[in-house]
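Data file: run.cif. Format and content: mmCIF, C-alpha atoms.
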```cif
data_input
#
loop_
_atom_site.label_atom_id
_atom_site.label_comp_id
_atom_site.auth_asym_id
_atom_site.auth_seq_id
_atom_site.Cartn_x
_atom_site.Cartn_y
_atom_site.Cartn_z
CA MET A 114 104.44 64.38 46.04
CA SER A 115 103.63 66.78 48.81
CA ASP A 116 101.83 65.99 52.05
CA ASN A 117 98.58 67.48 50.73
CA ASP A 118 98.30 65.11 47.75
CA VAL A 119 95.52 62.57 47.99
CA VAL A 120 96.00 59.16 46.45
CA LEU A 121 92.81 57.87 44.88
CA LYS A 122 92.41 54.20 44.33
CA PRO A 123 89.88 53.06 41.73
CA LYS A 124 86.76 51.57 43.25
CA PRO A 125 85.90 48.09 42.07
CA LYS A 126 82.86 48.21 39.85
CA THR A 127 79.92 46.25 41.18
CA LYS A 128 77.47 44.86 38.72
CA PRO A 129 73.84 44.97 39.76
CA LYS A 130 72.45 41.49 40.06
CA VAL A 131 69.73 41.05 37.46
CA GLU A 132 67.09 38.45 38.22
CA ARG A 133 65.89 36.21 35.45
CA PRO A 134 62.28 36.83 34.47
CA LYS A 135 59.71 34.46 35.91
CA LEU A 136 58.61 31.79 33.43
CA TYR A 137 55.02 30.99 32.51
CA LYS A 138 53.42 27.87 31.05
CA ILE A 139 51.03 28.02 28.12
CA ILE A 140 48.44 25.29 28.64
CA LEU A 141 46.14 23.81 26.01
CA VAL A 142 42.75 22.92 27.49
CA ASN A 143 40.82 20.10 25.82
CA ASP A 144 37.24 20.62 24.66
CA ASP A 145 34.73 18.36 22.92
CA TYR A 146 33.93 20.72 20.05
CA THR A 147 37.15 21.81 18.34
CA PRO A 148 38.28 19.36 15.63
CA ARG A 149 41.65 17.69 16.16
CA GLU A 150 42.92 18.86 12.78
CA PHE A 151 42.16 22.48 13.68
CA VAL A 152 43.98 22.22 17.03
CA THR A 153 47.02 20.77 15.25
CA MET A 154 46.88 23.59 12.69
CA VAL A 155 46.79 26.23 15.47
CA LEU A 156 49.77 24.61 17.22
CA LYS A 157 51.69 24.65 13.94
CA ALA A 158 50.74 28.24 13.05
CA VAL A 159 51.09 29.98 16.42
CA PHE A 160 53.69 27.85 18.21
CA ARG A 161 55.74 26.82 15.14
CA MET A 162 55.41 23.10 15.86
CA SER A 163 55.88 20.36 13.32
CA GLU A 164 52.87 18.29 12.26
CA GLU A 165 53.99 15.37 14.44
CA THR A 166 54.74 17.46 17.54
CA GLY A 167 51.46 19.36 17.21
CA TYR A 168 49.57 16.08 16.91
CA ARG A 169 51.29 14.67 20.01
CA VAL A 170 50.53 17.79 22.07
CA MET A 171 46.90 17.77 20.91
CA MET A 172 46.49 14.06 21.77
CA THR A 173 48.05 14.57 25.22
CA ALA A 174 45.53 17.33 25.94
CA HIS A 175 42.76 15.12 24.53
CA LYS A 176 43.65 12.20 26.81
CA LEU A 177 44.64 14.09 29.98
CA GLY A 178 42.44 17.19 29.72
CA THR A 179 45.33 19.68 29.53
CA CYS A 180 48.84 19.84 28.15
CA VAL A 181 51.72 22.30 28.54
CA VAL A 182 52.47 23.67 25.09
CA MET A 183 55.35 26.02 25.83
CA VAL A 184 57.25 27.65 28.72
CA CYS A 185 58.45 31.23 28.22
CA THR A 186 58.37 34.72 29.72
CA ARG A 187 55.03 36.22 30.75
CA ASP A 188 54.70 38.66 27.84
CA ILE A 189 55.34 36.02 25.21
CA ALA A 190 53.11 33.46 26.95
CA GLU A 191 50.14 35.81 27.17
CA THR A 192 50.60 37.04 23.61
CA LYS A 193 50.85 33.53 22.10
CA ALA A 194 47.91 32.20 24.14
CA GLN A 195 45.72 35.15 23.11
CA GLU A 196 46.78 34.80 19.47
CA ALA A 197 45.77 31.11 19.49
CA VAL A 198 42.42 31.81 21.20
CA ASP A 199 41.67 34.63 18.74
CA LEU A 200 42.47 32.36 15.79
CA ALA A 201 40.06 29.74 17.13
CA LYS A 202 37.31 32.31 17.81
CA SER A 203 37.60 33.68 14.29
CA ALA A 204 37.00 30.14 13.02
CA GLY A 205 34.05 29.66 15.42
CA PHE A 206 35.69 27.20 17.86
CA PRO A 207 35.87 27.43 21.67
CA LEU A 208 39.54 26.35 21.83
CA MET A 209 41.14 27.56 25.07
CA PHE A 210 44.74 28.29 26.03
CA THR A 211 45.64 29.52 29.53
CA THR A 212 48.85 30.78 31.13
CA GLU A 213 50.10 30.20 34.65
CA PRO A 214 53.39 30.75 36.48
CA GLU A 215 55.85 27.89 36.48
CA GLU A 216 56.83 26.69 39.94
#
```
Give the structure from this file in C-alpha cells form.
Amino acid sequence: MSDNDVVLKPKPKTKPKVERPKLYKIILVNDDYTPREFVTMVLKAVFRMSEETGYRVMMTAHKLGTCVVMVCTRDIAETKAQEAVDLAKSAGFPLMFTTEPEE
C-alpha cells in the first residue's frame, strides 16, 4: 500500500425506526329498534364472531349502552364499522358502529 491509499471501513447500517400504527376501537352503540337477532347476525357476518360471542357482545351493548367490538388499525376499523352500518341500513335498521382511537 502506498501513502495515498485510503482505507474505507464499512459504515454500520442503521435501520429506520418504524412506529406501530395507532389502534382504533370499533364500538357498537345500543338502540331500541334493531332486533337482537339482527345485531348478532351482523357481528357474525362482518366481524367473524361465533354465535355465542356475538350474542355476548350484543348483550353487553344492550346492558351498558356501548361495547367495544374489535381493536385494529384505523383503515380496518373504519371499513368494518361502515360495512356493518351499511348492512343495517339496507335492512332498514338504525344500528350504529363508531370508531375512536385507543388510549
Can you pull out every residue within 12 Å of segment 180-189 of chain A, counting only C-alpha atoms, but drop anything in the same chain fewer than 4 positions away, and send it as a PyMOL selection string? chain A and resi 133-143+152-153+155-157+159-162+166-176+193-197+209-216
Separating atom CA of Ala201 of chain A from atom CA of Glu150 of chain A, to the nearest tenth of an Å, is a gap of 12.1 Å
| request: Could you please determine the separation between atom CA of Pro207 of chain A and atom CA of Phe151 of chain A in Å, to one decimal place? | output: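 So the answer is 11.3 Å.
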- Hey, can you check how far atom CA of Ala190 of chain A sits from atom CA of Asp144 of chain A?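 Distance between the two atoms: 20.5 Å.
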